[in-house]
Amino acid sequence: MENHGGRVNDLAFMKTGAGVSEVEQLLFYSIPGGLLLLLVGFFFVLHQPASITTGMVAGGVASAIPIGFLLFQAYTANALWVYELCNRRAKQQCLLPIQREFKKQWQKSDSDQVYHLSKRVLTVITNKDQEIGPYILRLVAIINARGVSLFATIVAACAPLLYLFTPNFWPLACWPLRLLAYYVVLCLVAVSLYAGIPEVRGQVDAYQELIVANNMKAIRELIAEFVKSRTSSK
């Protein structure tokens, strides 16, 4: 990590975080929002085909991105613990050397603060690695795209609760079978979404451990600069 003006940018990155690319916005917003609407629409078609109109379809297409945005915010906030399940934050061994270095240089920091700052440092060195970094970011995008879609599938499981308030609920003769069919489809979708996540997460962990091992000197310098800026500002 050369020091030719990039150190200031590194510190700014640690304080503000990375931006979201247009591709990430498509993955994180459009697809999960559309998936949720598709599954909910499938439920209503399954129970009452006439309940879906062209106006509802058009409204669903227009609202896919804002719904996906809300889903992504809830997902990253670890709602229903889906984000933790997909990203296995507690098992990221590559963060341990960075956390130890933070605690060594900044003894007054608390564990939660050290964890989040270590994540930022890991992101910085990952972005600076021109060989492995871009591939790791693509793998992380795949994990989160699958994760937020999995979260949307879980939310779609609440669709039958909406149907309880419709006037045609009680006369339905085949309700149990249709309900069973709906949840079978949801389970198949959820399993297909989660199936590849552990393997991809394992690849990310292995590559990030390699990056941390190869950049410990740069990590120490970056942490030293950050601690110096934080302590001098008080």
# chains A, B, ... in the order shown; residues from 1 in each chain; ligands from 1
>>> residues_around(residues="Ile142 in chain A", least_positions_apart="4", cutoff="12 Å", atoms="only C-alpha atoms", output="PyMOL selection string")
chain A and resi 23-24+26-28+86-87+135-138+146-149+193-194+196-201+203-204
>>> select_by_dssp(residues="range 35-148 of chain A", states="helix (DSSP H, G or I)", output="ChimeraX atom specification")
/A:35-47,49-51,54-76,79-87,89-91,95-105,111-128,133-148
>>> residues_around(residues="Ala79 in chain A", least_positions_apart="5", cutoff="9 Å", atoms="only C-alpha atoms", output="number ranges by chain")
A: 73-74, 151
>>> write_last_selection(atoms="C-alpha atoms", output="short mmCIF file (atom, residue, chain, number, x, y, z; two decimals), in the first residue's frame")
data_model
loop_
_atom_site.label_atom_id
_atom_site.label_comp_id
_atom_site.auth_asym_id
_atom_site.auth_seq_id
_atom_site.Cartn_x
_atom_site.Cartn_y
_atom_site.Cartn_z
CA GLN A 73 -32.28 -2.26 4.65
CA ALA A 74 -34.04 -4.84 6.80
CA PHE A 151 -35.06 -12.71 3.17
#
>>> residues_around(residues="Val114 in chain A", least_positions_apart="2", cutoff="9 Å", atoms="only C-alpha atoms", output="JSON, numbers by chain")
{"A": [98, 99, 100, 102, 103, 109, 110, 111, 112, 116, 117, 118, 119]}
>>> atom_distance(atom1="CA of Val184 in chain A", atom2="CA of Leu70 in chain A")
25.6 Å
>>> closest_residue(among="A:Thr123, A:Gln105, A:Pro134, A:Phe42", to="Arg178 in chain A", atoms="only C-alpha atoms")
A:Phe42
>>> residues_around(residues="Ala156 in chain A", least_positions_apart="4", cutoff="12 Å", atoms="only C-alpha atoms", output="list in words")
Pro32, Gly33, Gly34, Leu35, Leu36, Leu37, Leu38, Leu39, Val40, Gly41, Phe42, Phe43, Phe44, Leu71, Ser149, Leu150, Phe151, Ala152, Pro160, Leu161, Leu162, Tyr182, Tyr183, Val185, Leu186, Cys187, Val189 and Ala190 of chain A
>>> closest_residue(among="A:Lys217, A:Lys104, A:His47, A:Arg88", to="Asn144 in chain A", atoms="only C-alpha atoms")
A:Arg88
>>> closest_residue(among="A:Phe72, A:Ile143, A:Pro66, A:Leu210", to="Pro97 in chain A", atoms="only C-alpha atoms")
A:Leu210
>>> closest_residue(among="A:Lys91, A:Glu209, A:Leu188, A:Thr54", to="Thr153 in chain A", atoms="only C-alpha atoms")
A:Leu188
>>> closest_residue(among="A:Ala195, A:Ala64, A:Val82, A:Ala157", to="Leu180 in chain A", atoms="only C-alpha atoms")
A:Ala157
>>> atom_distance(atom1="CA of Ile65 in chain A", atom2="CA of Gln48 in chain A")
26.0 Å
>>> decode(residues="range 58-130 of chain A", atoms="C-alpha atoms", output="tab-separated table (two decimals), in the first residue's frame")
chain	number	residue	atom	x	y	z
A	58	ALA	CA	-48.11	-2.58	-13.44
A	59	GLY	CA	-48.06	-1.29	-9.87
A	60	GLY	CA	-45.95	-4.26	-8.82
A	61	VAL	CA	-43.36	-3.59	-11.52
A	62	ALA	CA	-43.16	0.08	-10.55
A	63	SER	CA	-42.82	-0.68	-6.84
A	64	ALA	CA	-40.23	-3.48	-7.16
A	65	ILE	CA	-37.23	-1.18	-6.57
A	66	PRO	CA	-38.59	0.72	-3.52
A	67	ILE	CA	-39.79	-2.55	-1.98
A	68	GLY	CA	-36.39	-4.08	-2.70
A	69	PHE	CA	-34.71	-1.09	-1.06
A	70	LEU	CA	-36.72	-1.64	2.13
A	71	LEU	CA	-35.96	-5.35	2.03
A	72	PHE	CA	-32.24	-4.67	1.71
A	73	GLN	CA	-32.28	-2.26	4.65
A	74	ALA	CA	-34.04	-4.84	6.80
A	75	TYR	CA	-31.66	-7.56	5.59
A	76	THR	CA	-28.51	-5.58	6.41
A	77	ALA	CA	-30.02	-4.73	9.81
A	78	ASN	CA	-30.01	-8.49	10.42
A	79	ALA	CA	-33.80	-8.75	10.57
A	80	LEU	CA	-34.80	-12.37	11.23
A	81	TRP	CA	-31.04	-13.06	11.51
A	82	VAL	CA	-30.76	-13.76	7.77
A	83	TYR	CA	-27.72	-11.49	7.26
A	84	GLU	CA	-25.86	-13.22	10.08
A	85	LEU	CA	-26.79	-16.62	8.64
A	86	CYS	CA	-25.48	-15.75	5.18
A	87	ASN	CA	-22.35	-13.77	6.10
A	88	ARG	CA	-21.24	-15.66	9.23
A	89	ARG	CA	-19.73	-12.50	10.71
A	90	ALA	CA	-18.82	-14.21	14.00
A	91	LYS	CA	-16.70	-16.78	12.11
A	92	GLN	CA	-14.55	-14.38	10.07
A	93	GLN	CA	-11.11	-15.50	11.22
A	94	CYS	CA	-9.41	-13.02	8.88
A	95	LEU	CA	-10.54	-10.15	11.13
A	96	LEU	CA	-8.70	-11.44	14.20
A	97	PRO	CA	-5.21	-10.14	13.24
A	98	ILE	CA	-6.69	-6.72	12.42
A	99	GLN	CA	-8.63	-6.60	15.70
A	100	ARG	CA	-5.53	-7.56	17.67
A	101	GLU	CA	-3.57	-4.77	16.00
A	102	PHE	CA	-6.34	-2.26	16.78
A	103	LYS	CA	-6.41	-3.27	20.44
A	104	LYS	CA	-2.61	-3.12	20.59
A	105	GLN	CA	-2.42	0.43	19.21
A	106	TRP	CA	-5.69	1.78	20.64
A	107	GLN	CA	-6.24	0.31	24.10
A	108	LYS	CA	-9.17	2.61	24.95
A	109	SER	CA	-11.36	1.26	22.14
A	110	ASP	CA	-14.27	-1.08	22.88
A	111	SER	CA	-14.82	-4.45	21.20
A	112	ASP	CA	-17.77	-3.38	19.06
A	113	GLN	CA	-15.89	-0.34	17.76
A	114	VAL	CA	-12.83	-2.44	17.00
A	115	TYR	CA	-14.94	-4.97	15.10
A	116	HIS	CA	-16.55	-2.39	12.82
A	117	LEU	CA	-13.26	-0.56	12.20
A	118	SER	CA	-11.56	-3.86	11.41
A	119	LYS	CA	-14.26	-4.52	8.81
A	120	ARG	CA	-13.50	-1.15	7.25
A	121	VAL	CA	-9.76	-1.87	7.17
A	122	LEU	CA	-10.44	-5.23	5.55
A	123	THR	CA	-12.57	-3.51	2.91
A	124	VAL	CA	-9.82	-0.95	2.24
A	125	ILE	CA	-7.10	-3.51	1.62
A	126	THR	CA	-9.50	-5.67	-0.39
A	127	ASN	CA	-10.30	-2.74	-2.68
A	128	LYS	CA	-6.59	-1.94	-3.05
A	129	ASP	CA	-5.71	-5.48	-4.12
A	130	GLN	CA	-5.98	-5.38	-7.92
